[in-house]
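**Student:** target_15.cif is reproduced below (mmCIF, C-alpha atoms).
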data_target
loop_
_atom_site.group_PDB
_atom_site.id
_atom_site.type_symbol
_atom_site.label_atom_id
_atom_site.label_comp_id
_atom_site.auth_asym_id
_atom_site.auth_seq_id
_atom_site.Cartn_x
_atom_site.Cartn_y
_atom_site.Cartn_z
ATOM 1 C CA GLU U 1 0.000 0.000 0.000
ATOM 2 C CA GLN U 2 2.901 2.366 0.750
ATOM 3 C CA VAL U 3 4.366 1.709 -2.707
ATOM 4 C CA ARG U 4 0.965 2.373 -4.254
ATOM 5 C CA GLU U 5 0.657 5.677 -2.381
ATOM 6 C CA THR U 6 4.166 6.753 -3.422
ATOM 7 C CA VAL U 7 3.493 5.879 -7.074
ATOM 8 C CA LEU U 8 0.219 7.795 -7.083
ATOM 9 C CA GLN U 9 1.628 10.836 -5.241
ATOM 10 C CA ASN U 10 4.519 11.091 -7.695
ATOM 11 C CA ARG U 11 2.351 10.297 -10.751
ATOM 12 C CA MET U 12 4.710 7.510 -11.733
ATOM 13 C CA ASP U 13 3.917 5.402 -14.761
ATOM 14 C CA GLY U 14 6.808 2.995 -14.265
ATOM 15 C CA LEU U 15 8.615 1.317 -11.387
ATOM 16 C CA VAL U 16 11.875 -0.581 -11.929
ATOM 17 C CA ILE U 17 13.052 -2.982 -9.226
ATOM 18 C CA VAL U 18 16.602 -4.304 -9.493
ATOM 19 C CA GLY U 19 17.610 -7.230 -7.297
ATOM 20 C CA GLY U 20 17.632 -10.898 -6.549
ATOM 21 C CA ASP U 21 14.890 -13.433 -5.981
ATOM 22 C CA ASP U 22 13.317 -11.569 -3.033
ATOM 23 C CA SER U 23 13.264 -8.232 -4.883
ATOM 24 C CA ASN U 24 11.821 -9.762 -8.046
ATOM 25 C CA THR U 25 9.213 -11.703 -6.078
ATOM 26 C CA ASN U 26 8.195 -8.415 -4.461
ATOM 27 C CA ALA U 27 8.087 -6.790 -7.925
ATOM 28 C CA ALA U 28 5.628 -9.494 -9.019
ATOM 29 C CA PHE U 29 3.476 -8.954 -5.904
ATOM 30 C CA ILE U 30 3.470 -5.185 -6.477
ATOM 31 C CA ALA U 31 2.517 -5.642 -10.143
ATOM 32 C CA GLU U 32 -0.357 -7.940 -9.152
ATOM 33 C CA TYR U 33 -1.490 -5.498 -6.460
ATOM 34 C CA PHE U 34 -1.400 -2.599 -8.916
ATOM 35 C CA GLU U 35 -3.448 -4.635 -11.384
ATOM 36 C CA THR U 36 -6.133 -5.483 -8.802
ATOM 37 C CA THR U 37 -6.292 -1.921 -7.420
ATOM 38 C CA GLY U 38 -6.333 -0.187 -10.802
ATOM 39 C CA VAL U 39 -2.970 1.570 -10.544
ATOM 40 C CA LYS U 40 -1.710 2.449 -14.036
ATOM 41 C CA CYS U 41 1.994 1.847 -13.403
ATOM 42 C CA ASN U 42 4.202 -0.682 -15.149
ATOM 43 C CA VAL U 43 6.433 -2.724 -12.871
ATOM 44 C CA VAL U 44 9.673 -4.106 -14.265
ATOM 45 C CA GLY U 45 11.863 -6.561 -12.369
ATOM 46 C CA ILE U 46 15.514 -6.716 -13.372
ATOM 47 C CA PRO U 47 17.380 -9.780 -12.103
ATOM 48 C CA LYS U 48 20.658 -8.825 -10.463
ATOM 49 C CA THR U 49 22.233 -11.094 -7.909
ATOM 50 C CA ILE U 50 25.803 -11.829 -7.091
ATOM 51 C CA ASP U 51 24.841 -15.300 -5.838
ATOM 52 C CA GLY U 52 23.917 -16.559 -9.309
ATOM 53 C CA ASP U 53 20.768 -18.167 -7.948
ATOM 54 C CA LEU U 54 18.275 -16.384 -10.188
ATOM 55 C CA ALA U 55 18.005 -17.200 -13.877
ATOM 56 C CA VAL U 56 15.443 -16.040 -16.409
ATOM 57 C CA GLY U 57 15.243 -19.038 -18.706
ATOM 58 C CA ASN U 58 17.110 -18.703 -21.988
ATOM 59 C CA LEU U 59 16.855 -14.911 -21.891
ATOM 60 C CA LEU U 60 19.282 -14.392 -19.020
ATOM 61 C CA PRO U 61 20.961 -17.578 -17.788
ATOM 62 C CA ILE U 62 23.235 -15.648 -15.396
ATOM 63 C CA PRO U 63 22.248 -12.252 -13.934
ATOM 64 C CA PHE U 64 24.809 -9.484 -13.995
ATOM 65 C CA GLY U 65 26.923 -9.375 -10.861
ATOM 66 C CA PHE U 66 27.694 -13.083 -10.763
ATOM 67 C CA ASP U 67 30.062 -13.116 -13.734
ATOM 68 C CA THR U 68 31.975 -10.064 -12.516
ATOM 69 C CA ALA U 69 32.220 -11.424 -8.976
ATOM 70 C CA THR U 70 33.458 -14.858 -10.011
ATOM 71 C CA LYS U 71 36.010 -13.487 -12.473
ATOM 72 C CA THR U 72 37.357 -11.067 -9.870
ATOM 73 C CA TYR U 73 37.442 -13.725 -7.148
ATOM 74 C CA ALA U 74 39.058 -16.238 -9.504
ATOM 75 C CA GLU U 75 41.837 -13.797 -10.322
ATOM 76 C CA VAL U 76 42.551 -13.200 -6.630
ATOM 77 C CA ILE U 77 42.315 -16.922 -5.801
ATOM 78 C CA GLY U 78 44.678 -17.752 -8.659
ATOM 79 C CA ASN U 79 47.181 -15.204 -7.348
ATOM 80 C CA ILE U 80 46.966 -16.706 -3.860
ATOM 81 C CA GLU U 81 47.404 -20.207 -5.285
ATOM 82 C CA ARG U 82 50.520 -19.129 -7.190
ATOM 83 C CA ASP U 83 51.913 -17.462 -4.080
ATOM 84 C CA ALA U 84 51.203 -20.518 -1.911
ATOM 85 C CA ASN U 85 52.785 -22.826 -4.487
ATOM 86 C CA SER U 86 55.811 -20.550 -4.776
ATOM 87 C CA ALA U 87 56.328 -20.106 -1.029
ATOM 88 C CA LYS U 88 55.499 -23.770 -0.291
ATOM 89 C CA LYS U 89 53.933 -22.801 3.018
ATOM 90 C CA TYR U 90 50.655 -21.632 4.514
ATOM 91 C CA TRP U 91 47.099 -22.784 4.078
ATOM 92 C CA HIS U 92 44.731 -20.104 2.835
ATOM 93 C CA PHE U 93 41.079 -20.315 3.844
ATOM 94 C CA ILE U 94 39.126 -18.045 1.509
ATOM 95 C CA LYS U 95 35.561 -17.121 2.410
ATOM 96 C CA LEU U 96 33.451 -16.286 -0.630
ATOM 97 C CA MET U 97 30.092 -14.556 -0.887
ATOM 98 C CA GLY U 98 27.138 -16.881 -1.018
ATOM 99 C CA ARG U 99 24.962 -16.900 2.067
ATOM 100 C CA SER U 100 22.183 -19.062 0.720
ATOM 101 C CA ALA U 101 23.767 -20.545 -2.402
ATOM 102 C CA SER U 102 27.271 -21.841 -3.180
ATOM 103 C CA HIS U 103 27.250 -20.919 -6.854
ATOM 104 C CA ILE U 104 30.127 -18.437 -6.494
ATOM 105 C CA ALA U 105 32.306 -20.933 -4.627
ATOM 106 C CA LEU U 106 31.572 -23.639 -7.188
ATOM 107 C CA GLU U 107 32.275 -21.415 -10.206
ATOM 108 C CA CYS U 108 35.502 -20.143 -8.629
ATOM 109 C CA ALA U 109 36.557 -23.723 -7.902
ATOM 110 C CA LEU U 110 35.921 -24.686 -11.519
ATOM 111 C CA GLN U 111 38.060 -21.751 -12.667
ATOM 112 C CA THR U 112 40.930 -22.109 -10.158
ATOM 113 C CA GLN U 113 41.102 -25.765 -9.038
ATOM 114 C CA PRO U 114 41.705 -25.182 -5.280
ATOM 115 C CA ASN U 115 42.721 -28.040 -3.009
ATOM 116 C CA ILE U 116 39.301 -28.015 -1.348
ATOM 117 C CA CYS U 117 36.011 -26.266 -2.063
ATOM 118 C CA LEU U 118 33.189 -26.787 0.390
ATOM 119 C CA ILE U 119 29.710 -26.613 -1.127
ATOM 120 C CA SER U 120 26.973 -25.743 1.370
ATOM 121 C CA GLU U 121 24.245 -27.640 -0.470
ATOM 122 C CA GLU U 122 26.412 -30.781 -0.506
ATOM 123 C CA VAL U 123 27.102 -30.448 3.221
ATOM 124 C CA GLU U 124 23.361 -30.185 3.813
ATOM 125 C CA SER U 125 22.385 -33.095 1.550
ATOM 126 C CA LYS U 126 24.984 -35.358 3.176
ATOM 127 C CA LYS U 127 23.897 -34.124 6.628
ATOM 128 C CA MET U 128 27.538 -33.465 7.493
ATOM 129 C CA THR U 129 28.356 -32.416 11.043
ATOM 130 C CA LEU U 130 30.943 -29.816 11.987
ATOM 131 C CA ARG U 131 33.121 -32.695 13.123
ATOM 132 C CA GLN U 132 32.882 -34.410 9.729
ATOM 133 C CA ILE U 133 33.742 -31.183 7.931
ATOM 134 C CA THR U 134 36.786 -30.526 10.120
ATOM 135 C CA ASP U 135 37.883 -34.163 9.872
ATOM 136 C CA TYR U 136 37.681 -33.920 6.074
ATOM 137 C CA LEU U 137 39.719 -30.700 6.004
ATOM 138 C CA CYS U 138 42.291 -32.158 8.392
ATOM 139 C CA SER U 139 42.617 -35.373 6.389
ATOM 140 C CA VAL U 140 43.358 -33.471 3.168
ATOM 141 C CA ILE U 141 45.840 -31.208 4.951
ATOM 142 C CA ALA U 142 47.536 -34.201 6.626
ATOM 143 C CA LYS U 143 47.727 -36.159 3.352
ATOM 144 C CA ARG U 144 49.356 -33.198 1.603
ATOM 145 C CA ALA U 145 51.759 -32.814 4.542
ATOM 146 C CA GLU U 146 52.837 -36.453 4.097
ATOM 147 C CA ASN U 147 53.839 -35.476 0.562
ATOM 148 C CA GLY U 148 55.798 -32.472 1.861
ATOM 149 C CA GLU U 149 53.076 -30.070 0.652
ATOM 150 C CA ASN U 150 52.311 -27.962 3.711
ATOM 151 C CA PHE U 151 50.295 -25.391 1.789
ATOM 152 C CA GLY U 152 47.071 -25.034 -0.114
ATOM 153 C CA VAL U 153 43.841 -23.162 -0.742
ATOM 154 C CA ILE U 154 40.398 -23.907 0.658
ATOM 155 C CA LEU U 155 37.249 -22.134 -0.568
ATOM 156 C CA ILE U 156 34.363 -21.721 1.855
ATOM 157 C CA PRO U 157 31.012 -20.069 1.065
ATOM 158 C CA GLU U 158 30.023 -17.522 3.705
ATOM 159 C CA GLY U 159 26.713 -19.231 4.535
ATOM 160 C CA LEU U 160 28.183 -22.697 5.106
ATOM 161 C CA VAL U 161 27.381 -22.790 8.819
ATOM 162 C CA GLU U 162 23.662 -22.335 8.108
ATOM 163 C CA PHE U 163 23.678 -25.544 6.023
ATOM 164 C CA VAL U 164 25.216 -27.734 8.737
ATOM 165 C CA PRO U 165 22.186 -29.510 10.244
ATOM 166 C CA GLU U 166 23.338 -29.201 13.872
ATOM 167 C CA MET U 167 24.094 -25.502 13.414
ATOM 168 C CA LYS U 168 20.773 -24.931 11.642
ATOM 169 C CA ARG U 169 19.002 -26.406 14.698
ATOM 170 C CA LEU U 170 21.094 -24.271 17.075
ATOM 171 C CA ILE U 171 20.336 -21.089 15.110
ATOM 172 C CA ALA U 172 16.608 -21.928 15.112
ATOM 173 C CA GLU U 173 16.667 -22.563 18.878
ATOM 174 C CA LEU U 174 18.518 -19.292 19.513
ATOM 175 C CA ASN U 175 16.065 -17.387 17.313
ATOM 176 C CA ASP U 176 13.137 -18.915 19.196
ATOM 177 C CA LEU U 177 14.753 -18.078 22.542
ATOM 178 C CA MET U 178 15.517 -14.519 21.447
ATOM 179 C CA ALA U 179 11.934 -14.040 20.282
ATOM 180 C CA VAL U 180 10.674 -14.957 23.752
ATOM 181 C CA LYS U 181 13.413 -13.282 25.826
ATOM 182 C CA ALA U 182 14.379 -10.342 23.570
ATOM 183 C CA ALA U 183 13.367 -7.590 26.032
ATOM 184 C CA GLU U 184 15.182 -9.284 28.903
ATOM 185 C CA PHE U 185 18.297 -9.839 26.763
ATOM 186 C CA ASN U 186 18.381 -6.244 25.511
ATOM 187 C CA LYS U 187 18.404 -4.939 29.100
ATOM 188 C CA LEU U 188 21.729 -6.703 29.765
ATOM 189 C CA ALA U 189 24.653 -4.275 29.663
ATOM 190 C CA GLY U 190 27.612 -5.295 27.537
ATOM 191 C CA PHE U 191 28.844 -8.432 25.855
ATOM 192 C CA ASP U 192 29.967 -10.195 29.049
ATOM 193 C CA ALA U 193 26.508 -10.012 30.577
ATOM 194 C CA GLN U 194 24.844 -11.090 27.345
ATOM 195 C CA ALA U 195 27.289 -13.987 26.895
ATOM 196 C CA ASP U 196 26.341 -15.439 30.287
#
Go through the file and emit its structure as C-alpha coordinates.

**Tutor:**
Amino acid sequence: EQVRETVLQNRMDGLVIVGGDDSNTNAAFIAEYFETTGVKCNVVGIPKTIDGDLAVGNLLPIPFGFDTATKTYAEVIGNIERDANSAKKYWHFIKLMGRSASHIALECALQTQPNICLISEEVESKKMTLRQITDYLCSVIAKRAENGENFGVILIPEGLVEFVPEMKRLIAELNDLMAVKAAEFNKLAGFDAQAD
(Lines of atoms letter the chains of each structure in order from A and count residues from 1; the text may use other names and numbers.)
(Lines give C-alpha, C1' and ligand atoms only; values in the text may rest on other atoms or scores of the structure.)
Protein backbone atom coordinates (compact mmCIF):
# COMPACT_ATOMS: atom_id res chain seq x y z
CA GLU A 1 0.00 0.00 0.00
CA GLN A 2 2.90 2.37 0.75
CA VAL A 3 4.37 1.71 -2.71
CA ARG A 4 0.97 2.37 -4.25
CA GLU A 5 0.66 5.68 -2.38
CA THR A 6 4.17 6.75 -3.42
CA VAL A 7 3.49 5.88 -7.07
CA LEU A 8 0.22 7.79 -7.08
CA GLN A 9 1.63 10.84 -5.24
CA ASN A 10 4.52 11.09 -7.70
CA ARG A 11 2.35 10.30 -10.75
CA MET A 12 4.71 7.51 -11.73
CA ASP A 13 3.92 5.40 -14.76
CA GLY A 14 6.81 2.99 -14.27
CA LEU A 15 8.62 1.32 -11.39
CA VAL A 16 11.87 -0.58 -11.93
CA ILE A 17 13.05 -2.98 -9.23
CA VAL A 18 16.60 -4.30 -9.49
CA GLY A 19 17.61 -7.23 -7.30
CA GLY A 20 17.63 -10.90 -6.55
CA ASP A 21 14.89 -13.43 -5.98
CA ASP A 22 13.32 -11.57 -3.03
CA SER A 23 13.26 -8.23 -4.88
CA ASN A 24 11.82 -9.76 -8.05
CA THR A 25 9.21 -11.70 -6.08
CA ASN A 26 8.19 -8.42 -4.46
CA ALA A 27 8.09 -6.79 -7.93
CA ALA A 28 5.63 -9.49 -9.02
CA PHE A 29 3.48 -8.95 -5.90
CA ILE A 30 3.47 -5.19 -6.48
CA ALA A 31 2.52 -5.64 -10.14
CA GLU A 32 -0.36 -7.94 -9.15
CA TYR A 33 -1.49 -5.50 -6.46
CA PHE A 34 -1.40 -2.60 -8.92
CA GLU A 35 -3.45 -4.63 -11.38
CA THR A 36 -6.13 -5.48 -8.80
CA THR A 37 -6.29 -1.92 -7.42
CA GLY A 38 -6.33 -0.19 -10.80
CA VAL A 39 -2.97 1.57 -10.54
CA LYS A 40 -1.71 2.45 -14.04
CA CYS A 41 1.99 1.85 -13.40
CA ASN A 42 4.20 -0.68 -15.15
CA VAL A 43 6.43 -2.72 -12.87
CA VAL A 44 9.67 -4.11 -14.27
CA GLY A 45 11.86 -6.56 -12.37
CA ILE A 46 15.51 -6.72 -13.37
CA PRO A 47 17.38 -9.78 -12.10
CA LYS A 48 20.66 -8.83 -10.46
CA THR A 49 22.23 -11.09 -7.91
CA ILE A 50 25.80 -11.83 -7.09
CA ASP A 51 24.84 -15.30 -5.84
CA GLY A 52 23.92 -16.56 -9.31
CA ASP A 53 20.77 -18.17 -7.95
CA LEU A 54 18.28 -16.38 -10.19
CA ALA A 55 18.00 -17.20 -13.88
CA VAL A 56 15.44 -16.04 -16.41
CA GLY A 57 15.24 -19.04 -18.71
CA ASN A 58 17.11 -18.70 -21.99
CA LEU A 59 16.85 -14.91 -21.89
CA LEU A 60 19.28 -14.39 -19.02
CA PRO A 61 20.96 -17.58 -17.79
CA ILE A 62 23.24 -15.65 -15.40
CA PRO A 63 22.25 -12.25 -13.93
CA PHE A 64 24.81 -9.48 -13.99
CA GLY A 65 26.92 -9.37 -10.86
CA PHE A 66 27.69 -13.08 -10.76
CA ASP A 67 30.06 -13.12 -13.73
CA THR A 68 31.98 -10.06 -12.52
CA ALA A 69 32.22 -11.42 -8.98
CA THR A 70 33.46 -14.86 -10.01
CA LYS A 71 36.01 -13.49 -12.47
CA THR A 72 37.36 -11.07 -9.87
CA TYR A 73 37.44 -13.73 -7.15
CA ALA A 74 39.06 -16.24 -9.50
CA GLU A 75 41.84 -13.80 -10.32
CA VAL A 76 42.55 -13.20 -6.63
CA ILE A 77 42.31 -16.92 -5.80
CA GLY A 78 44.68 -17.75 -8.66
CA ASN A 79 47.18 -15.20 -7.35
CA ILE A 80 46.97 -16.71 -3.86
CA GLU A 81 47.40 -20.21 -5.28
CA ARG A 82 50.52 -19.13 -7.19
CA ASP A 83 51.91 -17.46 -4.08
CA ALA A 84 51.20 -20.52 -1.91
CA ASN A 85 52.78 -22.83 -4.49
CA SER A 86 55.81 -20.55 -4.78
CA ALA A 87 56.33 -20.11 -1.03
CA LYS A 88 55.50 -23.77 -0.29
CA LYS A 89 53.93 -22.80 3.02
CA TYR A 90 50.65 -21.63 4.51
CA TRP A 91 47.10 -22.78 4.08
CA HIS A 92 44.73 -20.10 2.84
CA PHE A 93 41.08 -20.32 3.84
CA ILE A 94 39.13 -18.04 1.51
CA LYS A 95 35.56 -17.12 2.41
CA LEU A 96 33.45 -16.29 -0.63
CA MET A 97 30.09 -14.56 -0.89
CA GLY A 98 27.14 -16.88 -1.02
CA ARG A 99 24.96 -16.90 2.07
CA SER A 100 22.18 -19.06 0.72
CA ALA A 101 23.77 -20.54 -2.40
CA SER A 102 27.27 -21.84 -3.18
CA HIS A 103 27.25 -20.92 -6.85
CA ILE A 104 30.13 -18.44 -6.49
CA ALA A 105 32.31 -20.93 -4.63
CA LEU A 106 31.57 -23.64 -7.19
CA GLU A 107 32.28 -21.41 -10.21
CA CYS A 108 35.50 -20.14 -8.63
CA ALA A 109 36.56 -23.72 -7.90
CA LEU A 110 35.92 -24.69 -11.52
CA GLN A 111 38.06 -21.75 -12.67
CA THR A 112 40.93 -22.11 -10.16
CA GLN A 113 41.10 -25.76 -9.04
CA PRO A 114 41.70 -25.18 -5.28
CA ASN A 115 42.72 -28.04 -3.01
CA ILE A 116 39.30 -28.01 -1.35
CA CYS A 117 36.01 -26.27 -2.06
CA LEU A 118 33.19 -26.79 0.39
CA ILE A 119 29.71 -26.61 -1.13
CA SER A 120 26.97 -25.74 1.37
CA GLU A 121 24.25 -27.64 -0.47
CA GLU A 122 26.41 -30.78 -0.51
CA VAL A 123 27.10 -30.45 3.22
CA GLU A 124 23.36 -30.19 3.81
CA SER A 125 22.38 -33.10 1.55
CA LYS A 126 24.98 -35.36 3.18
CA LYS A 127 23.90 -34.12 6.63
CA MET A 128 27.54 -33.46 7.49
CA THR A 129 28.36 -32.42 11.04
CA LEU A 130 30.94 -29.82 11.99
CA ARG A 131 33.12 -32.69 13.12
CA GLN A 132 32.88 -34.41 9.73
CA ILE A 133 33.74 -31.18 7.93
CA THR A 134 36.79 -30.53 10.12
CA ASP A 135 37.88 -34.16 9.87
CA TYR A 136 37.68 -33.92 6.07
CA LEU A 137 39.72 -30.70 6.00
CA CYS A 138 42.29 -32.16 8.39
CA SER A 139 42.62 -35.37 6.39
CA VAL A 140 43.36 -33.47 3.17
CA ILE A 141 45.84 -31.21 4.95
CA ALA A 142 47.54 -34.20 6.63
CA LYS A 143 47.73 -36.16 3.35
CA ARG A 144 49.36 -33.20 1.60
CA ALA A 145 51.76 -32.81 4.54
CA GLU A 146 52.84 -36.45 4.10
CA ASN A 147 53.84 -35.48 0.56
CA GLY A 148 55.80 -32.47 1.86
CA GLU A 149 53.08 -30.07 0.65
CA ASN A 150 52.31 -27.96 3.71
CA PHE A 151 50.30 -25.39 1.79
CA GLY A 152 47.07 -25.03 -0.11
CA VAL A 153 43.84 -23.16 -0.74
CA ILE A 154 40.40 -23.91 0.66
CA LEU A 155 37.25 -22.13 -0.57
CA ILE A 156 34.36 -21.72 1.86
CA PRO A 157 31.01 -20.07 1.07
CA GLU A 158 30.02 -17.52 3.70
CA GLY A 159 26.71 -19.23 4.53
CA LEU A 160 28.18 -22.70 5.11
CA VAL A 161 27.38 -22.79 8.82
CA GLU A 162 23.66 -22.33 8.11
CA PHE A 163 23.68 -25.54 6.02
CA VAL A 164 25.22 -27.73 8.74
CA PRO A 165 22.19 -29.51 10.24
CA GLU A 166 23.34 -29.20 13.87
CA MET A 167 24.09 -25.50 13.41
CA LYS A 168 20.77 -24.93 11.64
CA ARG A 169 19.00 -26.41 14.70
CA LEU A 170 21.09 -24.27 17.08
CA ILE A 171 20.34 -21.09 15.11
CA ALA A 172 16.61 -21.93 15.11
CA GLU A 173 16.67 -22.56 18.88
CA LEU A 174 18.52 -19.29 19.51
CA ASN A 175 16.06 -17.39 17.31
CA ASP A 176 13.14 -18.92 19.20
CA LEU A 177 14.75 -18.08 22.54
CA MET A 178 15.52 -14.52 21.45
CA ALA A 179 11.93 -14.04 20.28
CA VAL A 180 10.67 -14.96 23.75
CA LYS A 181 13.41 -13.28 25.83
CA ALA A 182 14.38 -10.34 23.57
CA ALA A 183 13.37 -7.59 26.03
CA GLU A 184 15.18 -9.28 28.90
CA PHE A 185 18.30 -9.84 26.76
CA ASN A 186 18.38 -6.24 25.51
CA LYS A 187 18.40 -4.94 29.10
CA LEU A 188 21.73 -6.70 29.76
CA ALA A 189 24.65 -4.27 29.66
CA GLY A 190 27.61 -5.29 27.54
CA PHE A 191 28.84 -8.43 25.85
CA ASP A 192 29.97 -10.19 29.05
CA ALA A 193 26.51 -10.01 30.58
CA GLN A 194 24.84 -11.09 27.34
CA ALA A 195 27.29 -13.99 26.89
CA ASP A 196 26.34 -15.44 30.29

**Student:** When you draw a straight line from atom CA of Asn42 of chain U to atom CA of Gln2 of chain U, how long is it in Å?

**Tutor:**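 Atom CA of Asn42 of chain U sits 16.2 Å away from atom CA of Gln2 of chain U.
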
**Student:** Written as a ChimeraX atom specification, what is the full residue list that the PyMOL selection byres ((chain U and resi 102) around 9) yields on the file shown?

**Tutor:** /U:51-53,96-101,103-107,118-121,156-160

**Student:** One decimal, in Å: what's the spacing between atom CA of Val43 of chain U and atom CA of Met12 of chain U?

**Tutor:**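 Answer for the atom CA of Val43 of chain U to atom CA of Met12 of chain U separation: 10.4 Å.
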
**Student:** Given the point (40.7, -21.7, 0.0) in the file's coordinates, find the residues that have an atom at most 6 Å from it, counting all atoms listed in the file, and give them as an NGL selection string.

**Tutor:** :U and (92-94 or 153-155)

**Student:** Which residue gives the smallest distance to Ala84 of chain U among U:Asn150, U:Asn186, U:Gln111, U:Gln194, with only C-alpha atoms counted?

**Tutor:**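 Nearest candidate to Ala84 of chain U out of U:Asn150, U:Asn186, U:Gln111, U:Gln194: U:Asn150.
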
**Student:** Do you know which residues are at most 12 Å from segment 15-23 of chain U counting only C-alpha atoms, after dropping those on the same chain fewer than 3 positions away, and could you put them as a PyMOL selection string?

**Tutor:** chain U and resi 3-4+6-8+10-12+26-31+34+39-56+62-66+100-101

**Student:** Work out how far apart atom CA of Pro165 of chain U and atom CA of Ser139 of chain U are and give it in Å to one decimal.

**Tutor:**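 One can read the atom CA of Pro165 of chain U to atom CA of Ser139 of chain U distance as 21.6 Å.
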
**Student:** Using only the atoms of segment 164-174 of chain U listed in the file, plus 4 Å on each side, state the axis-aligned box centre and edge lengths in Å rounded to one decimal, as AutoDock Vina command-line options.

**Tutor:**
--center_x 20.9 --center_y -24.4 --center_z 14.1 --size_x 16.6 --size_y 18.2 --size_z 18.8

**Student:** Counting all atoms listed in the file, what is within 12 Å of Lys168 of chain U, bar same-chain residues fewer than 6 positions away, as number ranges by chain?

**Tutor:** U: 123-124, 127-130, 159-162, 174-175

**Student:** The PyMOL selection byres ((chain U and resi 149) around 12) - which residues does that actually catch in the file I just gave you? List them as a ChimeraX atom specification.

**Tutor:** /U:84-91,115,140-148,150-153
